[in-house]
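What follows is query_9.txt (compact mmCIF, N, CA and C atoms).
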```txt
# COMPACT_ATOMS: atom_id res chain seq x y z
N MET A 23 7.36 -10.57 -20.87
CA MET A 23 7.32 -10.44 -19.44
C MET A 23 7.16 -8.98 -19.01
N ARG A 24 7.82 -8.08 -19.71
CA ARG A 24 7.71 -6.67 -19.35
C ARG A 24 6.28 -6.18 -19.40
N GLN A 25 5.55 -6.66 -20.40
CA GLN A 25 4.15 -6.24 -20.54
C GLN A 25 3.32 -6.74 -19.35
N ILE A 26 3.58 -7.95 -18.90
CA ILE A 26 2.87 -8.50 -17.74
C ILE A 26 3.11 -7.64 -16.51
N TYR A 27 4.37 -7.29 -16.25
CA TYR A 27 4.69 -6.49 -15.07
C TYR A 27 4.18 -5.07 -15.20
N LYS A 28 4.18 -4.55 -16.43
CA LYS A 28 3.61 -3.22 -16.66
C LYS A 28 2.12 -3.22 -16.35
N GLU A 29 1.42 -4.25 -16.77
CA GLU A 29 -0.02 -4.35 -16.48
C GLU A 29 -0.26 -4.41 -14.98
N ARG A 30 0.59 -5.11 -14.27
CA ARG A 30 0.44 -5.23 -12.82
C ARG A 30 0.73 -3.90 -12.13
N TYR A 31 1.79 -3.24 -12.56
CA TYR A 31 2.11 -1.93 -12.00
C TYR A 31 1.00 -0.93 -12.31
N ASP A 32 0.51 -0.94 -13.54
CA ASP A 32 -0.58 -0.04 -13.93
C ASP A 32 -1.83 -0.30 -13.10
N ALA A 33 -2.11 -1.56 -12.80
CA ALA A 33 -3.27 -1.88 -11.96
C ALA A 33 -3.09 -1.29 -10.57
N LEU A 34 -1.88 -1.34 -10.04
CA LEU A 34 -1.59 -0.76 -8.73
C LEU A 34 -1.81 0.75 -8.75
N VAL A 35 -1.24 1.40 -9.74
CA VAL A 35 -1.37 2.86 -9.85
C VAL A 35 -2.82 3.26 -10.09
N ASP A 36 -3.48 2.57 -11.01
CA ASP A 36 -4.87 2.91 -11.35
C ASP A 36 -5.82 2.72 -10.17
N SER A 37 -5.52 1.78 -9.30
CA SER A 37 -6.41 1.53 -8.17
C SER A 37 -5.95 2.23 -6.90
N SER A 38 -4.94 3.07 -6.99
CA SER A 38 -4.43 3.76 -5.81
C SER A 38 -5.40 4.81 -5.28
N ASP A 39 -6.43 5.15 -6.05
CA ASP A 39 -7.45 6.07 -5.54
C ASP A 39 -8.11 5.53 -4.28
N TRP A 40 -8.18 4.22 -4.16
CA TRP A 40 -8.79 3.61 -2.97
C TRP A 40 -8.06 4.01 -1.69
N ILE A 41 -6.75 4.27 -1.80
CA ILE A 41 -5.96 4.59 -0.61
C ILE A 41 -5.41 6.01 -0.65
N GLY A 42 -5.76 6.76 -1.68
CA GLY A 42 -5.18 8.08 -1.90
C GLY A 42 -5.32 9.06 -0.76
N GLU A 43 -6.36 8.94 0.01
CA GLU A 43 -6.54 9.82 1.17
C GLU A 43 -5.49 9.53 2.24
N TRP A 44 -5.00 8.32 2.26
CA TRP A 44 -4.13 7.84 3.34
C TRP A 44 -2.68 7.64 2.92
N VAL A 45 -2.46 7.35 1.64
CA VAL A 45 -1.13 6.96 1.17
C VAL A 45 -0.80 7.68 -0.14
N ASP A 46 0.42 8.19 -0.23
CA ASP A 46 0.91 8.81 -1.46
C ASP A 46 1.81 7.78 -2.15
N LEU A 47 1.24 7.06 -3.10
CA LEU A 47 1.97 6.01 -3.82
C LEU A 47 3.07 6.65 -4.66
N GLN A 48 4.28 6.13 -4.52
CA GLN A 48 5.43 6.68 -5.23
C GLN A 48 5.65 5.95 -6.56
N PRO A 49 6.03 6.67 -7.59
CA PRO A 49 6.30 6.01 -8.86
C PRO A 49 7.57 5.17 -8.78
N THR A 50 7.64 4.16 -9.61
CA THR A 50 8.84 3.34 -9.70
C THR A 50 9.19 3.14 -11.17
N GLY A 51 10.46 3.15 -11.45
CA GLY A 51 10.91 2.96 -12.83
C GLY A 51 11.38 1.54 -13.09
N GLY A 52 11.40 0.72 -12.06
CA GLY A 52 11.85 -0.65 -12.23
C GLY A 52 11.63 -1.44 -10.96
N GLY A 53 11.75 -2.73 -11.06
CA GLY A 53 11.54 -3.58 -9.90
C GLY A 53 10.09 -4.01 -9.76
N PHE A 54 9.83 -4.70 -8.69
CA PHE A 54 8.50 -5.27 -8.47
C PHE A 54 7.85 -4.78 -7.19
N HIS A 55 8.40 -3.71 -6.62
CA HIS A 55 7.86 -3.11 -5.41
C HIS A 55 7.88 -1.59 -5.58
N THR A 56 7.00 -0.93 -4.86
CA THR A 56 7.05 0.52 -4.77
C THR A 56 6.62 0.92 -3.38
N ALA A 57 6.99 2.11 -2.99
CA ALA A 57 6.64 2.62 -1.67
C ALA A 57 5.44 3.53 -1.76
N GLY A 58 4.74 3.62 -0.67
CA GLY A 58 3.66 4.58 -0.50
C GLY A 58 3.89 5.29 0.82
N PHE A 59 4.04 6.62 0.79
CA PHE A 59 4.27 7.38 2.01
C PHE A 59 2.94 7.70 2.68
N LEU A 60 2.89 7.51 3.99
CA LEU A 60 1.64 7.71 4.72
C LEU A 60 1.30 9.20 4.83
N ARG A 61 0.01 9.48 4.68
CA ARG A 61 -0.54 10.82 4.87
C ARG A 61 -1.39 10.84 6.13
N THR A 62 -1.08 9.98 7.06
CA THR A 62 -1.89 9.82 8.26
C THR A 62 -0.99 9.56 9.45
N GLN A 63 -1.56 9.71 10.63
CA GLN A 63 -0.80 9.43 11.85
C GLN A 63 -0.98 7.98 12.31
N ILE A 64 -1.72 7.21 11.56
CA ILE A 64 -1.86 5.79 11.90
C ILE A 64 -0.50 5.12 11.68
N GLU A 65 -0.07 4.33 12.63
CA GLU A 65 1.24 3.69 12.54
C GLU A 65 1.29 2.64 11.43
N GLU A 66 2.44 2.53 10.81
CA GLU A 66 2.66 1.55 9.75
C GLU A 66 2.28 0.14 10.22
N THR A 67 2.78 -0.23 11.37
CA THR A 67 2.57 -1.59 11.86
C THR A 67 1.10 -1.87 12.13
N GLU A 68 0.37 -0.87 12.52
CA GLU A 68 -1.07 -1.02 12.75
C GLU A 68 -1.80 -1.26 11.43
N ILE A 69 -1.39 -0.53 10.41
CA ILE A 69 -1.99 -0.71 9.08
C ILE A 69 -1.66 -2.10 8.54
N VAL A 70 -0.41 -2.50 8.66
CA VAL A 70 0.02 -3.81 8.17
C VAL A 70 -0.77 -4.92 8.86
N ALA A 71 -0.95 -4.81 10.18
CA ALA A 71 -1.69 -5.83 10.93
C ALA A 71 -3.16 -5.87 10.52
N ALA A 72 -3.77 -4.70 10.38
CA ALA A 72 -5.18 -4.64 9.97
C ALA A 72 -5.36 -5.16 8.55
N ALA A 73 -4.41 -4.85 7.69
CA ALA A 73 -4.46 -5.35 6.31
C ALA A 73 -4.33 -6.87 6.30
N ALA A 74 -3.41 -7.39 7.09
CA ALA A 74 -3.23 -8.85 7.15
C ALA A 74 -4.50 -9.54 7.64
N ALA A 75 -5.17 -8.94 8.61
CA ALA A 75 -6.43 -9.51 9.12
C ALA A 75 -7.49 -9.55 8.03
N ALA A 76 -7.37 -8.65 7.04
CA ALA A 76 -8.32 -8.60 5.92
C ALA A 76 -7.82 -9.39 4.71
N GLY A 77 -6.68 -10.09 4.87
CA GLY A 77 -6.16 -10.92 3.79
C GLY A 77 -5.23 -10.21 2.83
N ILE A 78 -4.74 -9.03 3.20
CA ILE A 78 -3.86 -8.25 2.33
C ILE A 78 -2.45 -8.26 2.90
N THR A 79 -1.47 -8.54 2.06
CA THR A 79 -0.08 -8.53 2.49
C THR A 79 0.59 -7.26 2.02
N THR A 80 1.12 -6.51 2.96
CA THR A 80 1.96 -5.35 2.69
C THR A 80 2.99 -5.30 3.79
N ALA A 81 3.96 -4.43 3.67
CA ALA A 81 5.00 -4.33 4.69
C ALA A 81 5.22 -2.88 5.08
N ALA A 82 5.63 -2.68 6.31
CA ALA A 82 5.99 -1.34 6.77
C ALA A 82 7.31 -0.93 6.13
N LEU A 83 7.38 0.28 5.65
CA LEU A 83 8.61 0.78 5.05
C LEU A 83 9.75 0.74 6.06
N GLY A 84 9.44 0.99 7.31
CA GLY A 84 10.44 0.98 8.36
C GLY A 84 11.13 -0.36 8.53
N ARG A 85 10.50 -1.40 8.12
CA ARG A 85 11.09 -2.74 8.20
C ARG A 85 12.38 -2.83 7.38
N TYR A 86 12.51 -1.98 6.39
CA TYR A 86 13.66 -2.00 5.50
C TYR A 86 14.71 -0.95 5.84
N ALA A 87 14.50 -0.21 6.92
CA ALA A 87 15.43 0.85 7.31
C ALA A 87 16.41 0.35 8.37
N ILE A 88 17.65 0.72 8.22
CA ILE A 88 18.67 0.37 9.21
C ILE A 88 18.59 1.32 10.39
N ALA A 89 18.40 2.60 10.09
CA ALA A 89 18.33 3.64 11.12
C ALA A 89 16.94 4.27 11.13
N SER A 90 16.72 5.15 12.07
CA SER A 90 15.46 5.87 12.14
C SER A 90 15.24 6.63 10.83
N TYR A 91 14.01 6.73 10.42
CA TYR A 91 13.69 7.39 9.16
C TYR A 91 12.52 8.32 9.39
N PRO A 92 12.50 9.44 8.69
CA PRO A 92 11.47 10.45 8.95
C PRO A 92 10.12 10.15 8.32
N THR A 93 10.09 9.42 7.23
CA THR A 93 8.86 9.20 6.48
C THR A 93 8.33 7.80 6.74
N LYS A 94 7.10 7.73 7.21
CA LYS A 94 6.45 6.44 7.42
C LYS A 94 5.77 6.02 6.12
N GLY A 95 5.67 4.72 5.91
CA GLY A 95 5.04 4.28 4.67
C GLY A 95 4.84 2.79 4.62
N LEU A 96 4.36 2.35 3.47
CA LEU A 96 4.10 0.95 3.20
C LEU A 96 4.84 0.56 1.92
N VAL A 97 5.17 -0.72 1.83
CA VAL A 97 5.79 -1.26 0.63
C VAL A 97 4.75 -2.11 -0.09
N PHE A 98 4.58 -1.86 -1.37
CA PHE A 98 3.61 -2.58 -2.19
C PHE A 98 4.35 -3.43 -3.22
N GLY A 99 4.15 -4.73 -3.16
CA GLY A 99 4.70 -5.63 -4.16
C GLY A 99 3.64 -5.93 -5.20
N PHE A 100 4.05 -6.01 -6.45
CA PHE A 100 3.08 -6.26 -7.51
C PHE A 100 3.56 -7.28 -8.54
N GLY A 101 4.77 -7.77 -8.41
CA GLY A 101 5.36 -8.63 -9.43
C GLY A 101 4.69 -9.98 -9.60
N SER A 102 4.16 -10.54 -8.53
CA SER A 102 3.60 -11.89 -8.62
C SER A 102 2.08 -11.92 -8.50
N THR A 103 1.45 -10.76 -8.52
CA THR A 103 0.00 -10.68 -8.30
C THR A 103 -0.71 -10.26 -9.58
N PRO A 104 -1.73 -11.02 -9.99
CA PRO A 104 -2.48 -10.64 -11.20
C PRO A 104 -3.19 -9.29 -11.01
N PRO A 105 -3.36 -8.53 -12.09
CA PRO A 105 -3.98 -7.21 -12.00
C PRO A 105 -5.33 -7.19 -11.28
N GLU A 106 -6.17 -8.17 -11.53
CA GLU A 106 -7.49 -8.16 -10.89
C GLU A 106 -7.37 -8.34 -9.37
N ASP A 107 -6.37 -9.10 -8.93
CA ASP A 107 -6.15 -9.26 -7.49
C ASP A 107 -5.56 -8.00 -6.88
N ILE A 108 -4.72 -7.31 -7.63
CA ILE A 108 -4.18 -6.04 -7.15
C ILE A 108 -5.30 -5.04 -6.94
N ARG A 109 -6.19 -4.94 -7.92
CA ARG A 109 -7.31 -3.99 -7.80
C ARG A 109 -8.19 -4.33 -6.60
N ALA A 110 -8.51 -5.60 -6.44
CA ALA A 110 -9.34 -6.02 -5.30
C ALA A 110 -8.62 -5.76 -3.99
N GLY A 111 -7.32 -6.01 -3.96
CA GLY A 111 -6.54 -5.78 -2.74
C GLY A 111 -6.47 -4.31 -2.37
N MET A 112 -6.31 -3.45 -3.36
CA MET A 112 -6.27 -2.02 -3.08
C MET A 112 -7.62 -1.52 -2.57
N GLU A 113 -8.70 -2.05 -3.12
CA GLU A 113 -10.02 -1.68 -2.62
C GLU A 113 -10.17 -2.11 -1.17
N THR A 114 -9.77 -3.34 -0.87
CA THR A 114 -9.85 -3.83 0.51
C THR A 114 -8.97 -3.00 1.43
N LEU A 115 -7.76 -2.68 1.01
CA LEU A 115 -6.87 -1.87 1.83
C LEU A 115 -7.47 -0.50 2.09
N GLY A 116 -8.10 0.07 1.09
CA GLY A 116 -8.77 1.36 1.27
C GLY A 116 -9.86 1.27 2.33
N ARG A 117 -10.63 0.21 2.31
CA ARG A 117 -11.68 0.02 3.32
C ARG A 117 -11.07 -0.16 4.71
N VAL A 118 -9.98 -0.92 4.77
CA VAL A 118 -9.29 -1.13 6.06
C VAL A 118 -8.81 0.21 6.61
N MET A 119 -8.19 1.01 5.76
CA MET A 119 -7.66 2.29 6.22
C MET A 119 -8.77 3.26 6.61
N ASN A 120 -9.87 3.23 5.86
CA ASN A 120 -11.01 4.07 6.24
C ASN A 120 -11.54 3.67 7.61
N GLN A 121 -11.60 2.37 7.88
CA GLN A 121 -12.07 1.90 9.18
C GLN A 121 -11.12 2.34 10.29
N LEU A 122 -9.82 2.21 10.05
CA LEU A 122 -8.84 2.67 11.04
C LEU A 122 -8.99 4.17 11.28
N GLY A 123 -9.20 4.92 10.22
CA GLY A 123 -9.39 6.37 10.35
C GLY A 123 -10.62 6.72 11.15
N LYS A 124 -11.70 5.99 10.93
CA LYS A 124 -12.94 6.24 11.69
C LYS A 124 -12.73 5.91 13.16
N GLU A 125 -12.04 4.82 13.43
CA GLU A 125 -11.79 4.44 14.82
C GLU A 125 -10.98 5.50 15.55
N ARG A 126 -10.13 6.21 14.84
CA ARG A 126 -9.30 7.25 15.44
C ARG A 126 -9.86 8.63 15.21
N GLN A 127 -11.05 8.68 14.66
CA GLN A 127 -11.74 9.94 14.36
C GLN A 127 -10.90 10.85 13.47
N LEU A 128 -10.26 10.24 12.48
CA LEU A 128 -9.46 10.99 11.53
C LEU A 128 -10.24 11.33 10.26
N VAL A 129 -11.42 10.75 10.15
CA VAL A 129 -12.26 11.05 8.97
C VAL A 129 -13.57 11.64 9.41
```

Could you render the structure from this file as structure tokens?
Amino acid sequence: MRQIYKERYDALVDSSDWIGEWVDLQPTGGGFHTAGFLRTQIEETEIVAAAAAAGITTAALGRYAIASYPTKGLVFGFGSTPPEDIRAGMETLGRVMNQLGKERQLV
């Protein structure tokens, strides 16, 4: 099982170039989720909604905070998703974020 989850995590990390302009993916030493801190002024909730419209599920990091938090970000789950779907999802998310950036003239 560890090898399966390692392959999934590696797929997430390896395909993070698709979102690297927008998100700083954080390393994780365990578990099935990792955070990505935003490098943009686009709101978390806006990214999550646009991703959902494109068929991608992610969550705003703020959803897990009890109090106000300084760093905006996204939560990426990888435990139940096959590597090829992770790669395709990261590519789609990158396109979604590029589109949001163009709409706001951030690129």

Next item on the list: Kindly give the distance, in Å, that separates atom CA of A:Pro104 and atom N of A:Glu29, rounded to a single decimal.
Entry: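 Value for the atom CA of A:Pro104-atom N of A:Glu29 distance: 9.3 Å.
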
Note to self: To test your reading of the structure, identify every residue in chain A that backbone DSSP assigns to alpha helix (DSSP H), and report it as a ChimeraX atom specification.
What the structure shows: /A:24-36,66-75,105-125

Notebook entry, point to check: Quick one: distance from atom CA of A:Pro49 to atom C of A:Ala33 in Å, one decimal?
Noted result: 12.0 Å

Report the residues of chain A whose backbone DSSP state falls under strand (DSSP E), written as a short mmCIF file (atom, residue, chain, number, x, y, z; two decimals) with N, CA and C atoms, in the frame of the given file.
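Once written, part.cif looks like this:
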```cif
data_model
loop_
_atom_site.label_atom_id
_atom_site.label_comp_id
_atom_site.auth_asym_id
_atom_site.auth_seq_id
_atom_site.Cartn_x
_atom_site.Cartn_y
_atom_site.Cartn_z
N VAL A 45 -2.46 7.35 1.64
CA VAL A 45 -1.13 6.96 1.17
C VAL A 45 -0.80 7.68 -0.14
N ASP A 46 0.42 8.19 -0.23
CA ASP A 46 0.91 8.81 -1.46
C ASP A 46 1.81 7.78 -2.15
N LEU A 47 1.24 7.06 -3.10
CA LEU A 47 1.97 6.01 -3.82
C LEU A 47 3.07 6.65 -4.66
N HIS A 55 8.40 -3.71 -6.62
CA HIS A 55 7.86 -3.11 -5.41
C HIS A 55 7.88 -1.59 -5.58
N THR A 56 7.00 -0.93 -4.86
CA THR A 56 7.05 0.52 -4.77
C THR A 56 6.62 0.92 -3.38
N ALA A 57 6.99 2.11 -2.99
CA ALA A 57 6.64 2.62 -1.67
C ALA A 57 5.44 3.53 -1.76
N GLY A 58 4.74 3.62 -0.67
CA GLY A 58 3.66 4.58 -0.50
C GLY A 58 3.89 5.29 0.82
N PHE A 59 4.04 6.62 0.79
CA PHE A 59 4.27 7.38 2.01
C PHE A 59 2.94 7.70 2.68
N LEU A 60 2.89 7.51 3.99
CA LEU A 60 1.64 7.71 4.72
C LEU A 60 1.30 9.20 4.83
N ALA A 81 3.96 -4.43 3.67
CA ALA A 81 5.00 -4.33 4.69
C ALA A 81 5.22 -2.88 5.08
N ALA A 82 5.63 -2.68 6.31
CA ALA A 82 5.99 -1.34 6.77
C ALA A 82 7.31 -0.93 6.13
N GLY A 95 5.67 4.72 5.91
CA GLY A 95 5.04 4.28 4.67
C GLY A 95 4.84 2.79 4.62
N LEU A 96 4.36 2.35 3.47
CA LEU A 96 4.10 0.95 3.20
C LEU A 96 4.84 0.56 1.92
N VAL A 97 5.17 -0.72 1.83
CA VAL A 97 5.79 -1.26 0.63
C VAL A 97 4.75 -2.11 -0.09
N PHE A 98 4.58 -1.86 -1.37
CA PHE A 98 3.61 -2.58 -2.19
C PHE A 98 4.35 -3.43 -3.22
N GLY A 99 4.15 -4.73 -3.16
CA GLY A 99 4.70 -5.63 -4.16
C GLY A 99 3.64 -5.93 -5.20
#
```

Note to self: Between atom CA of A:Thr103 and atom CA of A:Gly58, what distance in Å does the model show, to one decimal?
What the structure shows: 17.5 Å

Item checked: For A:Gly116: contacts at 6 Å, only N, CA and C atoms, fewer than 5 positions along chain excluded, given as a VMD selection string -> chain A and resid 40 to 41 111 121

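With distances taken over only C-alpha atoms, A:Gln63 is the one residue among A:Gln63, A:Gln25, A:Thr50, A:Thr56 lying closest to A:Lys94.
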
Item checked: Among the residues A:Ala76, A:Arg61, A:Tyr31, A:Leu128, the one that comes closest to A:Glu43 [using all atoms listed in the file] -> A:Arg61

Give, as JSON, the centre coordinates and the x, y and z edge lengths in Å to one decimal for an axis-aligned box around all listed atoms of stretch 47-59 of chain A, padded by 6 Å on each side.
```
{"center_x": 6.5, "center_y": 1.2, "center_z": -5.2, "size_x": 22.6, "size_y": 25.0, "size_z": 27.8}
```

Any idea what's packed within 7 Å of A:Ala81, counting only C-alpha atoms, ignoring anything in its chain fewer than 3 positions away? Could you give it as an mmCIF file with N, CA and C atoms, keeping the file's coordinate frame?
```cif
data_model
loop_
_atom_site.group_PDB
_atom_site.id
_atom_site.type_symbol
_atom_site.label_atom_id
_atom_site.label_comp_id
_atom_site.auth_asym_id
_atom_site.auth_seq_id
_atom_site.Cartn_x
_atom_site.Cartn_y
_atom_site.Cartn_z
ATOM 1 N N VAL A 70 -0.410 -2.500 8.660
ATOM 2 C CA VAL A 70 0.020 -3.810 8.170
ATOM 3 C C VAL A 70 -0.770 -4.920 8.860
ATOM 4 N N LEU A 96 4.360 2.350 3.470
ATOM 5 C CA LEU A 96 4.100 0.950 3.200
ATOM 6 C C LEU A 96 4.840 0.560 1.920
ATOM 7 N N VAL A 97 5.170 -0.720 1.830
ATOM 8 C CA VAL A 97 5.790 -1.260 0.630
ATOM 9 C C VAL A 97 4.750 -2.110 -0.090
#
```

Check: Which is closer to A:Arg30 than all the others in A:Gly101, A:Gly123, A:Pro92, A:Gly84, using only C-alpha atoms?
Finding: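 Using only C-alpha atoms, the shortest distance to A:Arg30 belongs to A:Gly101.
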
Checklist line | Shell of 9 Å around A:Tyr27, only C-alpha atoms, local chain residues under 6 positions omitted, as a ChimeraX atom specification | finding: /A:54,100-102
